[in-house]
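Asks: Sharing a structure, written as structure tokens. Questions coming.
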Amino acid sequence: MTEASDIPQRRTFARIGTFMAERRGLARDYFSAISGAGGRLVFSLAYFIALANTLSIAEFGMFATASAAGVMLSRLLAFGFISALYRTATIRPNLIGTFTAGFLLLGAASLPLLGVASFGVYLIFFAGTVPLSVFTAIVFAEALLWRPVEVALIVNNGLGKFGRAAVLAILATALRALGAVLFMVSPQHGIWMWSWFYIGANAASLLLAFGWFYPRQRLRLRIELYLRRLGDSIYVAGAEVLFYLQSEFDKLLVLAIGGPHLAGIYAIIMRLVDLTAIPIRTFSMMLVQRMMRAPELLSRLAVKSGIEGGVFLVSTLALAALGIVLHFFPNALGRNVSEAAPLVALAICVPGLRNLVEYQAELLFARGQTLVRALNLGLLAALKALLLTYVLTTISETSDLVLSLNIVFLLLYLASMLLTYSALRRPAKAI
């Protein structure tokens, strides 16, 4: 016979068991996803070392800047309908085939816009430094080859297949690294030759992604469904373009104002900063999925501040560790990288602040506040342009310029925090 006093104790153990089971599943999903980020980090570093030490610093600066522009322009593909595909995979996976057909249809329809926008960006930022053929090849690789690979990753993550997405992320990044290594041992090392290797590596990744990793569902066109989602998708596309504009605008300005060599040194530093964001983006992706299902997840100040503190600490420690290694072993990442090695530690706060701005933009996406997100990112892009133009035109020493980036990104973070958390006080938009 069960004693009455045993019932509360059993209920306590039951609650503890339920709590542990829920967290165990979450931890399993996170480690599946972070394994992809870890593998991607390793191959991204190999790719960076091979490429940065094969191209000249000036050519690396031209490629990195053109690639950043290509990533920004790729967000115009399908008018941002990738966001609707991600929400569908997360919430209504049985409609993936229908929304994939919509993505393909809108992707084809968006090609004229993508072409006009690409030519406009080339005329403004690249006409005097990068050949049009090279710029076109790099944008083609980013927008029409690599962006669909990201679609396959996004859909698998939306479905909760984090392990599958992790394997795809590792293999696709490994193919890029393999392309860089093959380019390194090839007899010709100019940027035009690299653009062909880059196209080949991204094309192989695309075949892999859709041949083995994309979910198999019958494609069905339902125009009325796409029209209902198109307005929100266009907001997302605009926000994504603005996000990458404010994220990558520094590279464009450095190339336009400082020239290819300074752009190369700057690109090397910022590429190392980017590597610290890979594990943070995995965390942000999983948090966004949870907020889609529970929009009030970050209603408590302690939770918000704890997450932001963790993002900043992890990012800063990652760059500090890299700075220490390069201080004692400046040639650890190759001869060309050694020229920028003494400057890496000067940007100590940039990774954390930059990752926090990216994280805050994702919070608004998770709550369906896409128009507010686009407006916020537009304001941040304008602020970044003003701050960087001032820095680049008033500071001549490269070390002082890199050091001043800490202040620039601090001001951007404070502006982002004010805009984001003011918007989060409003009710979440139904998805």
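Ordering of the structure tokens sets the chain letters (A, B, ...); residue numbers start at 1 within each chain; ligands are numbered from 1 in the order shown.
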Using backbone DSSP assignments, extract all alpha helix (DSSP H) residues from segment 91-184 of chain A; output them as a PyMOL selection string.
Replies: chain A and resi 91+96-109+111-121+132-140+147-158+162-184
Asks: Please provide as a PyMOL selection string all residues within 8 Å of Ala137 of chain A, with the sequence filter that same-chain residues fewer than 2 positions apart are discarded (counting only C-alpha atoms).
Replies: chain A and resi 133-135+139-141+195-196+199
Asks: Quick one: residues within 10 Å of Leu245 of chain A, only C-alpha atoms counted, chain neighbours fewer than 5 positions away excluded, as a list in words?
Replies: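 That gives Ala68, Ala69, Val71, Met72, Leu73, Ala239, Glu240, Asp250, Lys251, Leu252, Leu377, Gly378, Leu380, Ala381, Ala382, Lys384 and Ala385 of chain A.
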Asks: The selected residues should be written to file as a PDB file, in the first residue's frame (atoms: C-alpha atoms).
Replies:
ATOM      1  CA  ALA A  68      30.778  39.654 -49.485  1.00  0.00           C
ATOM      2  CA  ALA A  69      28.829  41.540 -52.142  1.00  0.00           C
ATOM      3  CA  VAL A  71      26.451  36.998 -50.256  1.00  0.00           C
ATOM      4  CA  MET A  72      24.489  40.233 -49.846  1.00  0.00           C
ATOM      5  CA  LEU A  73      23.034  40.044 -53.364  1.00  0.00           C
ATOM      6  CA  ALA A 239      16.124  42.891 -44.188  1.00  0.00           C
ATOM      7  CA  GLU A 240      18.673  40.270 -45.234  1.00  0.00           C
ATOM      8  CA  ASP A 250      33.124  47.790 -44.106  1.00  0.00           C
ATOM      9  CA  LYS A 251      34.860  45.605 -46.718  1.00  0.00           C
ATOM     10  CA  LEU A 252      33.284  47.583 -49.565  1.00  0.00           C
ATOM     11  CA  LEU A 377      18.871  46.955 -40.222  1.00  0.00           C
ATOM     12  CA  GLY A 378      18.518  49.881 -42.622  1.00  0.00           C
ATOM     13  CA  LEU A 380      22.213  50.243 -38.625  1.00  0.00           C
ATOM     14  CA  ALA A 381      23.588  50.076 -42.187  1.00  0.00           C
ATOM     15  CA  ALA A 382      23.402  53.870 -42.475  1.00  0.00           C
ATOM     16  CA  LYS A 384      27.829  51.922 -39.935  1.00  0.00           C
ATOM     17  CA  ALA A 385      28.467  53.678 -43.229  1.00  0.00           C
TER      18      ALA A 385
END
Asks: Excluding segment 170-182 of chain A and residues on its chain fewer than 4 positions from it, collect all residues at most 6 Å away from it, counting only C-alpha atoms, and give them as a PyMOL selection string.
Replies: chain A and resi 36+39-40+43+47+50-51+197+201+205
Asks: Can you write just those residues out, N, CA and C atoms, as a compact mmCIF listing (two decimals), in the first residue's frame?
Replies:
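Below is the file out.txt, written as the result:
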# COMPACT_ATOMS: atom_id res chain seq x y z
N GLY A 36 28.34 20.05 -36.68
CA GLY A 36 28.47 20.62 -38.03
C GLY A 36 29.23 21.92 -38.01
N GLY A 39 32.98 21.06 -37.49
CA GLY A 39 33.59 20.58 -38.72
C GLY A 39 33.72 21.69 -39.75
N ARG A 40 32.69 22.53 -39.81
CA ARG A 40 32.73 23.66 -40.74
C ARG A 40 33.86 24.63 -40.37
N PHE A 43 37.28 23.12 -41.61
CA PHE A 43 37.47 23.21 -43.05
C PHE A 43 37.48 24.66 -43.53
N TYR A 47 40.42 26.24 -45.68
CA TYR A 47 40.10 26.99 -46.90
C TYR A 47 40.73 28.38 -46.86
N ALA A 50 44.68 28.17 -47.18
CA ALA A 50 45.11 27.85 -48.54
C ALA A 50 44.92 29.04 -49.47
N LEU A 51 43.77 29.69 -49.38
CA LEU A 51 43.46 30.77 -50.31
C LEU A 51 44.25 32.04 -50.00
N PHE A 197 37.77 27.81 -60.09
CA PHE A 197 37.84 26.79 -59.03
C PHE A 197 36.68 27.00 -58.05
N ALA A 201 33.78 24.27 -57.02
CA ALA A 201 33.57 23.78 -55.66
C ALA A 201 32.12 24.01 -55.22
N SER A 205 29.05 21.26 -54.37
CA SER A 205 28.28 21.34 -53.13
C SER A 205 26.77 21.33 -53.42
Asks: Give me, as a PyMOL selection string, all polymer residues having an atom no more than 10 Å from Leu114 of chain A, counting only C-alpha atoms and skipping those fewer than 3 positions away in the same chain.
Replies: chain A and resi 73-79+107+109-111+117-120+139-140+143
Asks: Store the residues of this selection in a file with N, CA, C and O atoms, as a PDB file, in the first residue's frame.
Replies:
ATOM      1  N   LEU A  73      23.936  40.088 -52.218  1.00  0.00           N
ATOM      2  CA  LEU A  73      23.034  40.044 -53.364  1.00  0.00           C
ATOM      3  C   LEU A  73      22.254  38.729 -53.434  1.00  0.00           C
ATOM      4  O   LEU A  73      21.131  38.698 -53.945  1.00  0.00           O
ATOM      5  N   SER A  74      22.834  37.653 -52.904  1.00  0.00           N
ATOM      6  CA  SER A  74      22.148  36.352 -52.950  1.00  0.00           C
ATOM      7  C   SER A  74      20.845  36.361 -52.167  1.00  0.00           C
ATOM      8  O   SER A  74      19.970  35.523 -52.400  1.00  0.00           O
ATOM      9  N   ARG A  75      20.695  37.315 -51.261  1.00  0.00           N
ATOM     10  CA  ARG A  75      19.454  37.397 -50.467  1.00  0.00           C
ATOM     11  C   ARG A  75      18.279  37.871 -51.301  1.00  0.00           C
ATOM     12  O   ARG A  75      17.132  37.781 -50.868  1.00  0.00           O
ATOM     13  N   LEU A  76      18.539  38.378 -52.509  1.00  0.00           N
ATOM     14  CA  LEU A  76      17.457  38.745 -53.421  1.00  0.00           C
ATOM     15  C   LEU A  76      16.878  37.535 -54.135  1.00  0.00           C
ATOM     16  O   LEU A  76      15.793  37.628 -54.728  1.00  0.00           O
ATOM     17  N   LEU A  77      17.584  36.416 -54.127  1.00  0.00           N
ATOM     18  CA  LEU A  77      17.125  35.216 -54.820  1.00  0.00           C
ATOM     19  C   LEU A  77      15.754  34.793 -54.296  1.00  0.00           C
ATOM     20  O   LEU A  77      15.548  34.672 -53.081  1.00  0.00           O
ATOM     21  N   ALA A  78      14.810  34.601 -55.212  1.00  0.00           N
ATOM     22  CA  ALA A  78      13.437  34.189 -54.887  1.00  0.00           C
ATOM     23  C   ALA A  78      12.706  35.215 -54.023  1.00  0.00           C
ATOM     24  O   ALA A  78      11.744  34.878 -53.348  1.00  0.00           O
ATOM     25  N   PHE A  79      13.184  36.459 -54.044  1.00  0.00           N
ATOM     26  CA  PHE A  79      12.547  37.545 -53.285  1.00  0.00           C
ATOM     27  C   PHE A  79      12.434  37.221 -51.791  1.00  0.00           C
ATOM     28  O   PHE A  79      11.480  37.629 -51.124  1.00  0.00           O
ATOM     29  N   GLY A 107      12.536  31.966 -57.645  1.00  0.00           N
ATOM     30  CA  GLY A 107      13.957  32.093 -57.915  1.00  0.00           C
ATOM     31  C   GLY A 107      14.218  32.474 -59.365  1.00  0.00           C
ATOM     32  O   GLY A 107      15.029  33.367 -59.663  1.00  0.00           O
ATOM     33  N   ALA A 109      12.046  33.939 -61.339  1.00  0.00           N
ATOM     34  CA  ALA A 109      11.477  35.276 -61.556  1.00  0.00           C
ATOM     35  C   ALA A 109      12.376  36.378 -61.018  1.00  0.00           C
ATOM     36  O   ALA A 109      12.335  37.522 -61.492  1.00  0.00           O
ATOM     37  N   SER A 110      13.201  36.055 -60.024  1.00  0.00           N
ATOM     38  CA  SER A 110      14.043  37.076 -59.391  1.00  0.00           C
ATOM     39  C   SER A 110      15.364  37.322 -60.118  1.00  0.00           C
ATOM     40  O   SER A 110      16.103  38.247 -59.769  1.00  0.00           O
ATOM     41  N   LEU A 111      15.680  36.518 -61.128  1.00  0.00           N
ATOM     42  CA  LEU A 111      16.983  36.629 -61.797  1.00  0.00           C
ATOM     43  C   LEU A 111      17.216  37.999 -62.450  1.00  0.00           C
ATOM     44  O   LEU A 111      18.327  38.541 -62.343  1.00  0.00           O
ATOM     45  N   ALA A 117      20.733  44.477 -59.928  1.00  0.00           N
ATOM     46  CA  ALA A 117      21.329  44.879 -58.648  1.00  0.00           C
ATOM     47  C   ALA A 117      22.828  44.590 -58.630  1.00  0.00           C
ATOM     48  O   ALA A 117      23.626  45.396 -58.135  1.00  0.00           O
ATOM     49  N   SER A 118      23.233  43.458 -59.184  1.00  0.00           N
ATOM     50  CA  SER A 118      24.657  43.093 -59.208  1.00  0.00           C
ATOM     51  C   SER A 118      25.455  44.088 -60.041  1.00  0.00           C
ATOM     52  O   SER A 118      26.554  44.520 -59.631  1.00  0.00           O
ATOM     53  N   PHE A 119      24.916  44.458 -61.190  1.00  0.00           N
ATOM     54  CA  PHE A 119      25.631  45.409 -62.047  1.00  0.00           C
ATOM     55  C   PHE A 119      25.730  46.774 -61.375  1.00  0.00           C
ATOM     56  O   PHE A 119      26.758  47.453 -61.462  1.00  0.00           O
ATOM     57  N   GLY A 120      24.662  47.175 -60.673  1.00  0.00           N
ATOM     58  CA  GLY A 120      24.699  48.446 -59.953  1.00  0.00           C
ATOM     59  C   GLY A 120      25.756  48.455 -58.863  1.00  0.00           C
ATOM     60  O   GLY A 120      26.502  49.438 -58.714  1.00  0.00           O
ATOM     61  N   VAL A 139      29.826  36.382 -57.963  1.00  0.00           N
ATOM     62  CA  VAL A 139      28.419  36.571 -57.587  1.00  0.00           C
ATOM     63  C   VAL A 139      27.582  35.374 -58.039  1.00  0.00           C
ATOM     64  O   VAL A 139      26.687  34.914 -57.315  1.00  0.00           O
ATOM     65  N   PHE A 140      27.859  34.851 -59.241  1.00  0.00           N
ATOM     66  CA  PHE A 140      27.164  33.652 -59.718  1.00  0.00           C
ATOM     67  C   PHE A 140      27.362  32.488 -58.752  1.00  0.00           C
ATOM     68  O   PHE A 140      26.407  31.772 -58.402  1.00  0.00           O
ATOM     69  N   ALA A 143      25.403  33.435 -55.333  1.00  0.00           N
ATOM     70  CA  ALA A 143      23.951  33.608 -55.371  1.00  0.00           C
ATOM     71  C   ALA A 143      23.219  32.404 -55.952  1.00  0.00           C
ATOM     72  O   ALA A 143      22.146  32.027 -55.456  1.00  0.00           O
TER      73      ALA A 143
END
